[in-house]
Structure formats: structure tokens, C-alpha cells
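query31.txt (compact mmCIF, C-alpha atoms) appears below.
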# COMPACT_ATOMS: atom_id res chain seq x y z
CA MET H 110 -17.77 -23.15 -13.94
CA ASP H 111 -18.78 -23.63 -10.32
CA VAL H 112 -17.35 -20.87 -8.19
CA ASP H 113 -17.48 -19.83 -4.55
CA VAL H 114 -17.34 -16.15 -5.32
CA VAL H 115 -17.54 -13.79 -8.30
CA ILE H 116 -15.30 -10.72 -8.23
CA VAL H 117 -16.93 -7.72 -9.88
CA ASP H 118 -14.61 -6.38 -12.58
CA SER H 119 -14.62 -2.76 -11.51
CA GLY H 120 -11.80 -1.96 -13.92
CA GLY H 121 -9.13 -1.56 -11.24
CA ALA H 122 -5.63 -2.85 -11.76
CA ASN H 123 -5.18 -4.89 -8.61
CA LEU H 124 -7.67 -7.72 -8.93
CA ALA H 125 -4.74 -10.12 -8.95
CA SER H 126 -3.91 -9.83 -5.26
CA LEU H 127 -7.53 -10.55 -4.32
CA GLY H 128 -7.61 -13.58 -6.63
CA PHE H 129 -4.37 -14.91 -5.11
CA ALA H 130 -5.74 -14.44 -1.57
CA LEU H 131 -8.84 -16.48 -2.46
CA GLU H 132 -6.62 -19.11 -4.09
CA ARG H 133 -4.62 -19.42 -0.86
CA LEU H 134 -7.92 -20.16 0.92
CA GLY H 135 -8.79 -22.81 -1.65
CA ALA H 136 -11.74 -20.78 -2.97
CA ARG H 137 -12.77 -20.81 -6.61
CA SER H 138 -13.34 -17.34 -8.02
CA ARG H 139 -13.87 -15.64 -11.32
CA VAL H 140 -13.84 -12.03 -12.43
CA SER H 141 -16.89 -10.73 -14.26
CA SER H 142 -18.85 -7.63 -15.14
CA ASP H 143 -21.74 -9.63 -16.61
CA PRO H 144 -24.98 -8.96 -14.67
CA ALA H 145 -26.32 -12.53 -15.17
CA THR H 146 -23.09 -14.09 -13.88
CA ILE H 147 -23.10 -11.79 -10.85
CA VAL H 148 -26.76 -12.41 -10.05
CA ALA H 149 -26.16 -16.17 -10.18
CA ALA H 150 -23.02 -16.03 -7.97
CA PRO H 151 -23.15 -17.60 -4.50
CA ARG H 152 -21.16 -14.61 -3.17
CA VAL H 153 -19.97 -11.34 -4.67
CA LEU H 154 -16.82 -9.32 -4.00
CA LEU H 155 -16.77 -5.67 -5.06
CA PRO H 156 -13.17 -4.44 -5.06
CA GLY H 157 -12.08 -1.09 -6.34
CA VAL H 158 -9.10 1.12 -6.86
CA GLY H 159 -9.03 4.48 -8.56
CA SER H 160 -11.68 7.13 -8.03
CA ALA H 161 -15.33 6.85 -7.02
CA GLY H 162 -16.54 8.67 -10.14
CA ASP H 163 -14.66 6.38 -12.54
CA ALA H 164 -15.69 3.23 -10.68
CA MET H 165 -19.39 4.23 -10.66
CA GLN H 166 -19.19 5.08 -14.37
CA ARG H 167 -17.85 1.58 -15.07
CA LEU H 168 -20.59 -0.03 -12.97
CA ARG H 169 -23.24 2.05 -14.77
CA SER H 170 -21.95 1.17 -18.22
CA ALA H 171 -22.25 -2.53 -17.32
CA GLY H 172 -25.72 -1.98 -15.84
CA LEU H 173 -24.41 -3.04 -12.43
CA ASP H 174 -25.52 0.10 -10.58
CA ARG H 175 -29.05 -1.31 -10.76
CA VAL H 176 -28.12 -4.99 -10.31
CA LEU H 177 -25.92 -4.83 -7.20
CA PRO H 178 -28.45 -3.18 -4.80
CA GLY H 179 -30.94 -5.96 -5.60
CA LEU H 180 -28.62 -8.88 -4.82
CA ARG H 181 -29.70 -11.36 -2.12
CA GLN H 182 -26.44 -13.28 -1.71
CA PRO H 183 -23.56 -12.09 0.52
CA LEU H 184 -21.69 -9.14 -0.98
CA LEU H 185 -18.45 -7.68 0.35
CA GLY H 186 -17.15 -4.32 -0.83
CA ILE H 187 -13.42 -3.76 -0.36
CA CYS H 188 -11.82 -0.31 0.07
CA LEU H 189 -13.33 1.87 -2.69
CA GLY H 190 -15.80 -0.99 -3.21
CA MET H 191 -17.09 -0.36 0.33
CA GLN H 192 -17.29 3.40 -0.24
CA LEU H 193 -19.46 2.78 -3.32
CA LEU H 194 -22.07 1.09 -1.09
CA PHE H 195 -22.95 4.49 0.45
CA GLU H 196 -25.27 7.12 -1.00
CA ARG H 197 -22.61 9.59 -2.09
CA SER H 198 -18.90 10.25 -2.12
CA ALA H 199 -17.16 13.60 -1.89
CA GLU H 200 -14.64 12.12 -4.35
CA ASP H 201 -15.79 13.42 -7.76
CA ASP H 202 -19.07 14.25 -5.92
CA ALA H 203 -20.15 10.84 -7.17
CA ALA H 204 -23.51 9.21 -6.50
CA GLY H 205 -22.97 5.79 -4.90
CA LEU H 206 -25.05 2.62 -4.95
CA GLY H 207 -27.17 3.82 -2.01
CA ILE H 208 -27.13 0.45 -0.28
CA LEU H 209 -25.89 2.00 2.98
CA PRO H 210 -27.04 5.40 4.24
CA GLY H 211 -24.55 8.23 4.48
CA ARG H 212 -21.78 10.05 2.66
CA VAL H 213 -18.11 9.35 2.18
CA GLU H 214 -15.94 12.37 2.99
CA ARG H 215 -12.31 13.29 2.34
CA LEU H 216 -9.91 12.67 5.23
CA GLN H 217 -8.19 15.86 6.37
CA ALA H 218 -4.40 15.75 6.78
CA ALA H 219 -3.02 17.18 10.02
CA PRO H 220 0.40 17.19 11.68
CA GLY H 221 1.15 13.57 12.62
CA ARG H 222 -1.75 12.41 10.47
CA PRO H 223 -0.88 12.21 6.79
CA VAL H 224 -3.39 11.44 4.05
CA PRO H 225 -3.72 8.83 2.60
CA HIS H 226 -4.32 6.88 5.80
CA MET H 227 -1.82 4.17 4.92
CA GLY H 228 -0.66 1.23 6.98
CA TRP H 229 -1.75 -1.20 9.67
CA ASN H 230 -4.45 0.09 11.99
CA THR H 231 -6.43 -1.65 14.72
CA LEU H 232 -10.07 -2.66 14.48
CA GLU H 233 -12.64 -1.83 17.15
CA PRO H 234 -15.77 -3.92 16.52
CA CYS H 235 -19.10 -2.26 17.42
CA GLY H 236 -21.11 -5.45 17.60
CA ALA H 237 -21.14 -9.09 16.66
CA ASP H 238 -21.14 -10.04 13.00
CA PRO H 239 -20.26 -13.37 11.39
CA LEU H 240 -17.75 -11.55 9.16
CA LEU H 241 -15.77 -10.61 12.28
CA GLN H 242 -16.02 -13.98 14.01
CA ASP H 243 -12.83 -14.87 15.93
CA ILE H 244 -11.30 -11.50 15.13
CA PRO H 245 -10.56 -9.83 18.47
CA ALA H 246 -10.64 -6.08 19.07
CA GLY H 247 -7.25 -4.56 18.42
CA GLU H 248 -6.38 -6.80 15.48
CA HIS H 249 -4.36 -4.99 12.79
CA PHE H 250 -5.52 -4.63 9.18
CA TYR H 251 -3.88 -2.89 6.22
CA PHE H 252 -5.60 0.37 5.23
CA VAL H 253 -4.90 2.70 2.35
CA HIS H 254 -7.48 5.38 1.59
CA SER H 255 -8.03 9.13 1.40
CA TYR H 256 -11.82 9.11 1.84
CA ALA H 257 -13.87 7.58 4.64
CA ALA H 258 -17.40 7.24 5.99
CA HIS H 259 -18.45 8.53 9.41
CA PRO H 260 -19.75 5.93 11.88
CA SER H 261 -23.50 5.35 11.85
CA THR H 262 -26.02 2.64 12.69
CA THR H 263 -24.66 0.41 9.89
CA THR H 264 -21.10 0.52 11.29
CA LEU H 265 -19.76 -2.87 12.39
CA ALA H 266 -16.23 -1.78 13.31
CA THR H 267 -14.17 1.40 13.36
CA ALA H 268 -10.53 2.37 13.21
CA ASP H 269 -9.10 5.45 14.89
CA TYR H 270 -7.49 8.05 12.64
CA GLY H 271 -8.03 11.45 14.18
CA GLY H 272 -11.41 10.13 15.30
CA PRO H 273 -13.31 6.99 14.42
CA VAL H 274 -13.61 6.10 10.73
CA VAL H 275 -15.77 3.28 9.41
CA ALA H 276 -13.65 0.15 8.96
CA VAL H 277 -16.48 -2.36 8.51
CA ALA H 278 -20.10 -1.59 7.66
CA GLY H 279 -23.11 -3.56 6.56
CA ARG H 280 -26.78 -4.37 6.59
CA ASP H 281 -28.53 -7.62 5.68
CA ASN H 282 -26.46 -9.43 3.02
CA PHE H 283 -24.31 -6.36 2.23
CA ARG H 284 -20.99 -5.68 3.93
CA GLY H 285 -17.96 -3.57 3.24
CA VAL H 286 -14.44 -3.25 4.63
CA GLN H 287 -12.34 -0.13 4.25
CA PHE H 288 -9.06 -2.06 4.62
CA HIS H 289 -7.57 -4.68 2.29
CA PRO H 290 -8.13 -8.17 3.76
CA GLU H 291 -6.11 -9.64 0.87
CA ARG H 292 -3.08 -7.71 2.13
CA SER H 293 -3.74 -8.02 5.88
CA GLY H 294 -1.82 -11.19 6.69
CA ALA H 295 -3.43 -13.92 8.79
CA ALA H 296 -6.16 -11.60 10.14
CA GLY H 297 -7.24 -10.69 6.62
CA ALA H 298 -7.28 -14.33 5.58
CA LYS H 299 -9.53 -15.10 8.56
CA LEU H 300 -11.97 -12.37 7.56
CA LEU H 301 -12.08 -13.60 3.95
CA ALA H 302 -12.62 -17.16 5.19
CA ASN H 303 -15.52 -15.87 7.33
CA PHE H 304 -16.99 -14.21 4.25
CA LEU H 305 -16.66 -17.43 2.23
CA ARG H 306 -18.72 -19.23 4.91
CA LEU H 307 -21.62 -16.76 4.60
CA ALA H 308 -24.60 -18.03 2.64
CA MET P 210 -4.10 3.29 16.37
CA LEU P 211 -2.04 3.36 13.19
CA ALA P 212 1.19 1.41 13.58
CA ARG P 213 4.60 2.62 12.39
CA ARG P 214 5.78 0.37 9.60
CA ILE P 215 8.99 -1.64 9.30
CA VAL P 216 9.82 -2.12 5.64
CA PRO P 217 12.62 -4.39 4.45
CA CYS P 218 13.85 -3.38 1.00
CA LEU P 219 15.02 -6.07 -1.36
CA ASP P 220 17.26 -4.78 -4.12
CA VAL P 221 16.69 -7.08 -7.06
CA ARG P 222 19.05 -7.77 -9.93
CA ASP P 223 18.44 -10.57 -12.43
CA GLY P 224 15.84 -12.18 -10.17
CA GLN P 225 18.12 -12.27 -7.12
CA VAL P 226 18.23 -10.07 -4.05
CA VAL P 227 21.51 -8.15 -3.88
CA LYS P 228 23.05 -5.50 -1.64
CA GLY P 229 25.93 -3.09 -2.07
CA VAL P 230 27.45 -0.35 0.02
CA ARG P 231 26.59 3.15 -1.16
CA PHE P 232 25.00 1.73 -4.30
CA ARG P 233 28.25 -0.07 -5.30
CA ASP P 234 29.73 -3.56 -5.21
CA HIS P 235 26.51 -5.51 -5.30
CA ARG P 236 26.55 -9.11 -4.15
CA VAL P 237 23.78 -11.71 -4.10
CA VAL P 238 22.15 -12.18 -0.69
CA GLY P 239 19.30 -14.56 -1.54
CA ASP P 240 16.26 -15.72 -3.47
CA ILE P 241 13.31 -13.31 -3.75
CA LEU P 242 10.57 -15.71 -2.66
CA ASP P 243 12.58 -17.14 0.23
CA LEU P 244 13.34 -13.68 1.58
CA ALA P 245 9.79 -12.42 0.99
CA ARG P 246 8.36 -15.31 3.00
CA ARG P 247 10.96 -14.97 5.71
CA TYR P 248 10.26 -11.26 6.24
CA ARG P 249 6.50 -11.80 6.19
CA ASP P 250 6.86 -14.51 8.84
CA GLU P 251 9.10 -12.29 10.98
CA GLY P 252 6.53 -9.47 11.00
CA ALA P 253 7.59 -7.12 8.22
CA ASP P 254 4.72 -4.70 7.59
CA GLU P 255 5.43 -4.22 3.93
CA LEU P 256 8.15 -5.02 1.41
CA VAL P 257 9.79 -2.95 -1.31
CA PHE P 258 11.37 -4.65 -4.29
CA TYR P 259 13.73 -2.35 -6.12
CA ASP P 260 15.18 -3.40 -9.45
CA ILE P 261 18.48 -1.56 -9.26
CA THR P 262 19.54 -2.38 -12.80
CA ALA P 263 16.37 -1.58 -14.66
CA SER P 264 16.44 2.18 -14.83
CA PRO P 265 20.06 2.95 -15.78
CA GLU P 266 20.23 0.24 -18.42
CA GLY P 267 16.94 1.29 -20.00
CA ARG P 268 15.21 -1.98 -19.20
CA SER P 269 11.91 -2.71 -17.54
CA VAL P 270 11.51 -4.87 -14.45
CA ASP P 271 11.10 -8.59 -15.09
CA ARG P 272 7.36 -9.07 -14.45
CA ALA P 273 7.44 -12.81 -13.82
CA TRP P 274 8.74 -12.55 -10.25
CA VAL P 275 6.19 -9.86 -9.34
CA SER P 276 3.36 -12.30 -9.91
CA ARG P 277 5.17 -15.10 -8.06
CA VAL P 278 5.67 -12.80 -5.07
CA ALA P 279 2.00 -11.76 -5.13
CA GLN P 280 0.92 -15.39 -5.02
CA VAL P 281 2.77 -16.13 -1.77
CA LEU P 282 2.71 -12.76 -0.01
CA ASP P 283 -0.28 -11.60 2.05
CA ILE P 284 1.17 -8.24 3.05
CA PRO P 285 1.52 -5.18 0.79
CA PHE P 286 4.51 -4.77 -1.47
CA CYS P 287 5.80 -2.05 -3.72
CA VAL P 288 7.83 -2.44 -6.90
CA ALA P 289 10.36 0.19 -7.94
CA GLY P 290 12.70 0.42 -10.89
CA GLY P 291 12.16 0.95 -14.58
CA ILE P 292 8.59 2.24 -14.36
CA ARG P 293 8.43 4.94 -17.01
CA SER P 294 4.85 4.86 -18.20
CA VAL P 295 1.26 4.12 -17.24
CA GLU P 296 1.62 0.85 -19.17
CA ASP P 297 4.70 -0.22 -17.15
CA ALA P 298 2.83 0.56 -13.93
CA GLU P 299 -0.30 -1.24 -15.05
CA GLN P 300 1.65 -4.44 -15.74
CA VAL P 301 3.22 -4.40 -12.28
CA LEU P 302 -0.08 -3.62 -10.52
CA ASN P 303 -1.93 -6.21 -12.59
CA ALA P 304 0.68 -8.76 -11.53
CA GLY P 305 -0.39 -8.14 -7.94
CA ALA P 306 1.85 -5.38 -6.54
CA GLU P 307 0.12 -2.91 -4.20
CA LYS P 308 2.15 0.12 -5.18
CA ILE P 309 4.67 1.28 -7.74
CA SER P 310 7.50 3.67 -7.02
CA VAL P 311 8.98 6.11 -9.52
CA ASN P 312 12.24 7.97 -9.15
CA THR P 313 14.51 8.96 -12.04
CA PRO P 314 11.77 8.76 -14.74
CA ALA P 315 9.66 11.24 -12.75
CA LEU P 316 12.57 13.69 -12.67
CA ALA P 317 12.77 13.57 -16.47
CA ASP P 318 8.98 13.68 -16.87
CA PRO P 319 7.27 15.02 -13.71
CA ALA P 320 3.80 14.72 -15.34
CA LEU P 321 4.29 10.94 -15.15
CA ILE P 322 3.20 11.24 -11.52
CA ASP P 323 0.00 13.06 -12.56
CA ARG P 324 -0.79 10.38 -15.14
CA LEU P 325 -0.14 7.51 -12.73
CA SER P 326 -2.24 8.97 -9.92
CA ALA P 327 -5.08 9.87 -12.31
CA ARG P 328 -5.15 6.33 -13.64
CA PHE P 329 -4.55 4.27 -10.48
CA GLY P 330 -5.18 6.65 -7.58
CA SER P 331 -2.60 8.33 -5.35
CA GLN P 332 -2.51 5.38 -2.98
CA CYS P 333 -0.67 3.30 -5.61
CA VAL P 334 1.90 5.94 -6.49
CA VAL P 335 5.08 6.29 -4.46
CA ALA P 336 7.69 8.94 -5.23
CA GLY P 337 11.19 7.65 -4.51
CA ILE P 338 13.67 10.44 -3.88
CA ASP P 339 17.45 10.04 -3.59
CA SER P 340 18.67 13.06 -1.70
CA GLU P 341 22.27 14.13 -1.13
CA THR P 342 23.50 16.66 1.40
CA THR P 343 25.62 19.19 -0.49
CA ALA P 344 27.07 22.67 -0.02
CA GLN P 345 23.91 23.89 -1.80
CA GLY P 346 21.68 22.10 0.71
CA TYR P 347 19.61 18.96 0.18
CA ARG P 348 19.62 18.08 -3.54
CA VAL P 349 17.77 15.44 -5.50
CA TYR P 350 20.07 13.03 -7.36
CA GLN P 351 19.17 11.03 -10.44
CA PHE P 352 20.50 7.90 -12.17
CA THR P 353 21.60 6.79 -8.71
CA GLY P 354 21.55 3.10 -9.67
CA ASP P 355 24.76 3.63 -11.63
CA PRO P 356 27.67 5.28 -9.76
CA ASN P 357 29.11 6.57 -13.06
CA ARG P 358 25.92 8.41 -14.03
CA SER P 359 24.63 9.47 -10.60
CA ARG P 360 24.33 13.28 -10.55
CA ASP P 361 22.46 16.30 -9.23
CA SER P 362 19.09 16.55 -10.97
CA GLY P 363 19.03 20.34 -10.58
CA ARG P 364 16.26 20.20 -7.99
CA ALA P 365 16.22 21.08 -4.32
CA THR P 366 14.83 18.19 -2.26
CA LEU P 367 12.19 20.18 -0.36
CA ASP P 368 10.85 21.72 -3.59
CA TRP P 369 10.59 18.31 -5.22
CA VAL P 370 8.86 16.85 -2.15
CA ARG P 371 6.21 19.59 -2.44
CA GLU P 372 5.85 19.12 -6.20
CA VAL P 373 5.39 15.33 -6.21
CA GLN P 374 2.59 15.70 -3.64
CA GLN P 375 0.84 18.32 -5.77
CA ARG P 376 1.13 15.96 -8.72
CA GLY P 377 -0.55 13.16 -6.79
CA ALA P 378 2.11 11.00 -5.14
CA GLY P 379 0.51 9.16 -2.21
CA GLU P 380 3.71 8.35 -0.38
CA ILE P 381 7.32 9.51 -0.38
CA VAL P 382 10.39 7.36 0.24
CA LEU P 383 13.30 9.62 1.08
CA ASN P 384 16.65 7.89 0.67
CA CYS P 385 19.38 9.94 2.28
CA MET P 386 22.38 8.97 0.17
CA SER P 387 25.17 10.02 2.51
CA SER P 388 23.74 7.76 5.23
CA ASP P 389 22.90 4.82 2.98
CA GLY P 390 24.69 1.55 3.58
CA VAL P 391 26.93 2.79 6.38
CA ARG P 392 24.67 1.94 9.34
CA ARG P 393 25.30 5.07 11.38
CA GLY P 394 21.64 5.97 11.66
CA TYR P 395 19.01 7.67 9.56
CA ASP P 396 19.54 11.32 8.58
CA ILE P 397 17.19 12.62 11.27
CA GLU P 398 17.78 16.29 10.51
CA GLN P 399 16.96 15.94 6.83
CA LEU P 400 13.95 13.67 7.42
CA ALA P 401 12.55 16.09 10.00
CA ALA P 402 12.93 18.95 7.50
CA VAL P 403 11.12 16.95 4.83
CA ARG P 404 8.42 15.91 7.32
CA THR P 405 7.42 19.55 7.77
CA VAL P 406 6.48 19.84 4.07
CA CYS P 407 5.19 16.28 3.60
CA GLN P 408 1.46 15.69 4.18
CA VAL P 409 1.50 12.18 2.71
CA PRO P 410 3.10 9.17 4.40
CA LEU P 411 6.90 9.53 4.63
CA VAL P 412 9.26 6.56 4.58
CA ALA P 413 12.82 6.96 5.86
CA SER P 414 15.56 5.16 3.99
CA GLY P 415 19.30 4.90 4.36
CA GLY P 416 21.44 4.38 7.43
CA ALA P 417 19.75 1.90 9.75
CA GLY P 418 22.36 0.07 11.80
CA GLU P 419 20.78 -0.70 15.17
CA PRO P 420 17.33 -0.76 16.78
CA ALA P 421 17.86 2.64 18.43
CA HIS P 422 18.08 4.19 14.95
CA PHE P 423 14.51 3.10 14.24
CA GLU P 424 13.21 4.45 17.52
CA GLN P 425 14.94 7.76 16.81
CA VAL P 426 13.59 8.12 13.28
CA PHE P 427 10.02 7.44 14.42
CA ARG P 428 10.11 9.59 17.53
CA VAL P 429 12.28 12.50 16.40
CA ALA P 430 11.75 12.70 12.63
CA GLY P 431 8.12 11.58 12.84
CA VAL P 432 8.23 9.32 9.80
CA ASP P 433 5.46 6.78 9.14
CA ALA P 434 7.71 3.94 8.07
CA ALA P 435 11.37 3.00 8.16
CA LEU P 436 13.00 1.10 5.35
CA ALA P 437 16.20 -0.91 5.65
CA ALA P 438 17.98 -3.64 3.75
CA SER P 439 21.40 -4.85 4.83
CA VAL P 440 20.72 -4.99 8.58
CA PHE P 441 17.79 -7.30 7.90
CA HIS P 442 19.47 -9.40 5.19
CA SER P 443 22.57 -9.97 7.33
CA GLY P 444 20.53 -10.79 10.42
CA ALA P 445 22.16 -7.94 12.35
CA ILE P 446 18.63 -6.87 13.31
CA ALA P 447 15.79 -9.37 13.72
CA ILE P 448 12.36 -7.83 13.13
CA PRO P 449 10.59 -9.49 16.10
CA GLU P 450 13.18 -8.16 18.58
CA LEU P 451 13.20 -4.77 16.86
CA LYS P 452 9.44 -4.49 17.24
CA GLN P 453 9.65 -5.59 20.87
CA GLN P 454 12.14 -2.81 21.59
CA LEU P 455 10.05 -0.24 19.74
CA ARG P 456 6.94 -1.27 21.66
CA ALA P 457 8.82 -1.02 24.95
CA ALA P 458 9.91 2.47 23.91
CA GLY P 459 6.29 3.49 23.34
CA VAL P 460 6.30 3.32 19.54
CA GLU P 461 3.07 1.82 18.16
CA VAL P 462 3.91 -1.26 16.08
CA ARG P 463 2.02 -4.27 14.78
CA PRO P 464 2.84 -7.47 16.68
Let me see whether you can do it: turn the structure in this file into C-alpha cells.
Amino acid sequence: MDVDVVIVDSGGANLASLGFALERLGARSRVSSDPATIVAAPRVLLPGVGSAGDAMQRLRSAGLDRVLPGLRQPLLGICLGMQLLFERSAEDDAAGLGILPGRVERLQAAPGRPVPHMGWNTLEPCGADPLLQDIPAGEHFYFVHSYAAHPSTTTLATADYGGPVVAVAGRDNFRGVQFHPERSGAAGAKLLANFLRLA
Amino acid sequence: MLARRIVPCLDVRDGQVVKGVRFRDHRVVGDILDLARRYRDEGADELVFYDITASPEGRSVDRAWVSRVAQVLDIPFCVAGGIRSVEDAEQVLNAGAEKISVNTPALADPALIDRLSARFGSQCVVAGIDSETTAQGYRVYQFTGDPNRSRDSGRATLDWVREVQQRGAGEIVLNCMSSDGVRRGYDIEQLAAVRTVCQVPLVASGGAGEPAHFEQVFRVAGVDAALAASVFHSGAIAIPELKQQLRAAGVEVRP
């Protein structure tokens, strides 16, 4: 089967919404945890719900913890999938894939700032990237997360939640978004379409 | 900056959207997919689908419409009603819902919230709470889908709000029963009291009648989202105009 993108089966329950979003864009996708299928994919999406420790355990048991960092094609991590790209997460004190430098830390609740960070927040791009093409600063995306990475040299966009948190990060062929493009209306569809044009 | 959310709630019975006053006298107001698309186009930030018949009659939600909604909708939606187990929740989330909401089943089996958040993460798990103002203070009611069975669960609302958070609920929808369906405004006093013990996102429900009610519940009670049904279904409030008024009043909203 010729596909535009392979979705890594990270064991989470909500792969359906991502598949439907790709369908709406006319993209052909399949879900797989098979290393050979993923290596051969033109593009790879790494979604994730649940906890960092469980997700990494599932990737390890499929041998994907070694496969994913070596990929050459465009890869996009979504939400927990983006957090897994970093070296470590405070959630379950889990080792990540180590593709991006840095740690993922727990967000601290404060008056007027509940955790999870849930809802539509604005994006502040830190530089040009084809993934963010035609997405102006201040565009809203749907976030839902309790852990976040601090901005660093790999940060491509931030969102403000008691200080800047990493909303988009990447290096080379690897990118991640903390929000859910598949649930972010027209702006999210534009970002996914940008990803589908990467080669 | 994080926007305050406007959340139309679609009460679903037998695949149709219905609405009653104070949980009674339900009548059909429209088709699920038509209304879902309409609210998305008008700028709703999220939708809640609540199967009002599922829980009291011991049925589960009809999964077929969940998947149909997920195919057309590109904003988050939550499904409530009849979710009693991890398996029930998994079916709904697999069909494409973003979140599931539990109410009466969690009162009978509070550890259900622990199991759901352990399996899916807190961000998927919403605790729905029907709260009544009584001589004993704010009390949690159960079996509220059926007027003949609706009764005090034996729990104080603020205690239950604390407990569901400890058990892993990632969001709380507080439906203030005495305000629900009568359009005289949200129960600001009760929501503000709950806000002080709620560190997860809090959604106000029950009582919206005019745009000023939304402004008040965001500014005074400090809730993250405001849920309403009849004022949106009837067209009494149009979401684009509501958001314009909120923006003019200094409330951060998504265009």
C-alpha cells in the first residue's frame, strides 16, 4: 500500500482523530509499529497519549527506540509524541528518544493557571520553518498537557502559560508539536498540510 | 495567551440532539452532525455530547455517531453518559473522542476515575458533577438524568471536587442544577467557591441566558470554560457575537 505517512502505533487510544484529520486532507495513512514499515515510510507521525514511561516501554518492546532516532524522512511528534523526542521526562522519570536536547518537566499549577494546560493558546514562532509556513504569530492551537519542555535552541515556537513553553521544536528532519493539530481547526489542518509537503 | 472556551453541549437521545428544562420534558432540537458542523463553523471551541438516557436506563452510548462526529469535526469533543468502565471509555476514545466524562458511575465507584486516568491520562478524563444548593450546602446529586431517581449522593460538592482531582480527573464540569435551563445566569457564588479548591480546568454549566452571563462567569468566578445548550440551540445567543462582546470586555477568546 502506497501511503503518504505512517502513524506510529504508540498504543494510545486516540489514533482515530489523527487518521480522520489526514483523511480530510486527502492523505493516505496507515498505523504501524513494524520497524521496516516505519523505515520505509515517506513521512512518520509519532502521536501519543498516556504517560511517557508507558509510551517509551511500548516503543522499546517494538524496537522503535533505536529505529526512530535514525530516521531520515520527516517525522512529526504530537503532544506526548513530541515530549518523547527529548532526552528525559519528569513523567515516570522516563528516558526519552534523545533526538532533541533537554528535559520535559511537570507544569506547576497556580491560581488562574490550572494544570493540565487545556484549551486554545496562541503560537509565537521563534524563526522560519516550513512546518509553520503561512501560520501567523498569534494563531490559536488546541493544547492539552501537564508536562512541557523549556525553550532552547531547538525551539521553533512557544506558547505562553506562566512563561514560555515549547509549542514547536525540531532539528533536521525531526519536529514536534505540543498541541493537537488534528483538533486545532483550520490552523491545525494547515500545519498538517505543511508537514505532508515535507520531503 | 490561553483563551477562555465556549462549549455548546448537545444532549443526545436516540441519535438526536434534545433539550429539556431542568432535565425534564425533552424535545428534539436537531441532527447531531448538522449541529456539530454548525457550532464548529460559528467558532465553538469544543463540544460536549451528553447521552442523557444512557446512564439511568443502564445502557451504553451508541458508538456509531461518535465516529461519524470525529470524521467531520476538527475541534475537540467530549462524550458523556453511560461510561462505566475502562472498556466503555476505550471504545469512545478509539472512535475519535478527545475526552470522556463520568458522573453517576464515578459516585458509585470512585476508583473508576483512578483506572481511567491511569490508562488514558488525566487529560482524557473529565469529572461531571451535578450540584444542588440545599439547606446542607452544596451537595452532589446522582441519577440526575431521570427526575424520578435524581437524589443526593451523600457527598458535599467541595469534598467531591477535591477527591476527583486526587483520583486523576483532568477537568471538572460543574453543573449547578438550580440554575440549569432557566437562563438567569450561572451560579457565580458556587462556581467561585469550587474554583478555590479546583486546580484543574473548571467548566461552568447551567444557567446561561445572555452574553453578560458569560462575561460574569469568566471574570468573577474565574472558570476556564463555559458550557451552554439551549441558548445556542435556539439561536438566542450566536457564538460569533458572544465572542465579540467578550473580547470587547477584555476576556481572551479565540476568534
Interface residues on chain P facing chain H, 6 Å, only C-alpha atoms, written as an MDAnalysis selection string: chainID P and resid 210:212 280 283:285 302:303 305 329:330 408:410
For a cutoff of 12 Å around the file-coordinate point (19.6, -10.4, -5.5), which residues qualify once you count only C-alpha atoms? I'd like the result as an mmCIF file with C-alpha atoms, in the coordinates of the input.
data_model
loop_
_atom_site.group_PDB
_atom_site.id
_atom_site.type_symbol
_atom_site.label_atom_id
_atom_site.label_comp_id
_atom_site.auth_asym_id
_atom_site.auth_seq_id
_atom_site.Cartn_x
_atom_site.Cartn_y
_atom_site.Cartn_z
ATOM 1 C CA CYS P 218 13.850 -3.380 1.000
ATOM 2 C CA LEU P 219 15.020 -6.070 -1.360
ATOM 3 C CA ASP P 220 17.260 -4.780 -4.120
ATOM 4 C CA VAL P 221 16.690 -7.080 -7.060
ATOM 5 C CA ARG P 222 19.050 -7.770 -9.930
ATOM 6 C CA ASP P 223 18.440 -10.570 -12.430
ATOM 7 C CA GLY P 224 15.840 -12.180 -10.170
ATOM 8 C CA GLN P 225 18.120 -12.270 -7.120
ATOM 9 C CA VAL P 226 18.230 -10.070 -4.050
ATOM 10 C CA VAL P 227 21.510 -8.150 -3.880
ATOM 11 C CA LYS P 228 23.050 -5.500 -1.640
ATOM 12 C CA GLY P 229 25.930 -3.090 -2.070
ATOM 13 C CA HIS P 235 26.510 -5.510 -5.300
ATOM 14 C CA ARG P 236 26.550 -9.110 -4.150
ATOM 15 C CA VAL P 237 23.780 -11.710 -4.100
ATOM 16 C CA VAL P 238 22.150 -12.180 -0.690
ATOM 17 C CA GLY P 239 19.300 -14.560 -1.540
ATOM 18 C CA ASP P 240 16.260 -15.720 -3.470
ATOM 19 C CA ILE P 241 13.310 -13.310 -3.750
ATOM 20 C CA LEU P 242 10.570 -15.710 -2.660
ATOM 21 C CA ASP P 243 12.580 -17.140 0.230
ATOM 22 C CA LEU P 244 13.340 -13.680 1.580
ATOM 23 C CA ALA P 245 9.790 -12.420 0.990
ATOM 24 C CA PHE P 258 11.370 -4.650 -4.290
ATOM 25 C CA TYR P 259 13.730 -2.350 -6.120
ATOM 26 C CA ASP P 260 15.180 -3.400 -9.450
ATOM 27 C CA ILE P 261 18.480 -1.560 -9.260
ATOM 28 C CA THR P 262 19.540 -2.380 -12.800
ATOM 29 C CA ALA P 438 17.980 -3.640 3.750
ATOM 30 C CA SER P 439 21.400 -4.850 4.830
ATOM 31 C CA HIS P 442 19.470 -9.400 5.190
#
List as a PyMOL selection string the residues having at least one atom at most 12 Å from position (13.6, 12.1, 17.3) as given in the file, counting all atoms listed in the file. chain P and resi 394-402+404+421-432+460
For atom CA of P:Gly346 and atom CA of P:Leu383, determine how far apart the two atoms are, in Å to one decimal place. 15.0 Å
Separation of atom CA of H:Thr264 from atom CA of H:Pro239 in Å: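 Between atom CA of H:Pro239 and atom CA of H:Thr264 the gap works out to 13.9 Å.
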Take atom CA of P:Gln453 and atom CA of H:Leu300 and report the distance between them in Å, one decimal.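 Taking atom CA of P:Gln453 as the start and atom CA of H:Leu300 as the end point, the length is 26.3 Å.
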Give me the residues within 10 Å of H:Arg167 as a list in words, counting all atoms listed in the file and dropping any in the same chain fewer than 5 places off.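 With the cut-off at 10 Å, the set is Asp118, Ser119, Gly120, Ser142, Ala161, Gly162, Gly172, Leu173 and Asp174 of chain H.
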Of the candidates H:Ala296, H:Ala266, H:Ala257, H:Leu184, which shows the shortest atom-to-atom distance to H:Cys235, using all atoms listed in the file?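 Among the listed residues, the smallest separation from H:Cys235 belongs to H:Ala266.
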Box along x, y and z, 8 Å on every side, all listed atoms of stretch 333-345 of chain P inside: centre and edge lengths in Å to one decimal, as JSON.
{"center_x": 13.2, "center_y": 13.6, "center_z": -2.5, "size_x": 43.7, "size_y": 36.6, "size_z": 23.9}
Near-H:Gly285 list (10 Å; all atoms listed in the file; drop same-chain fewer than 6 positions) as a ChimeraX atom specification: /H:154-156,184-195,209,240,264-265,275-279
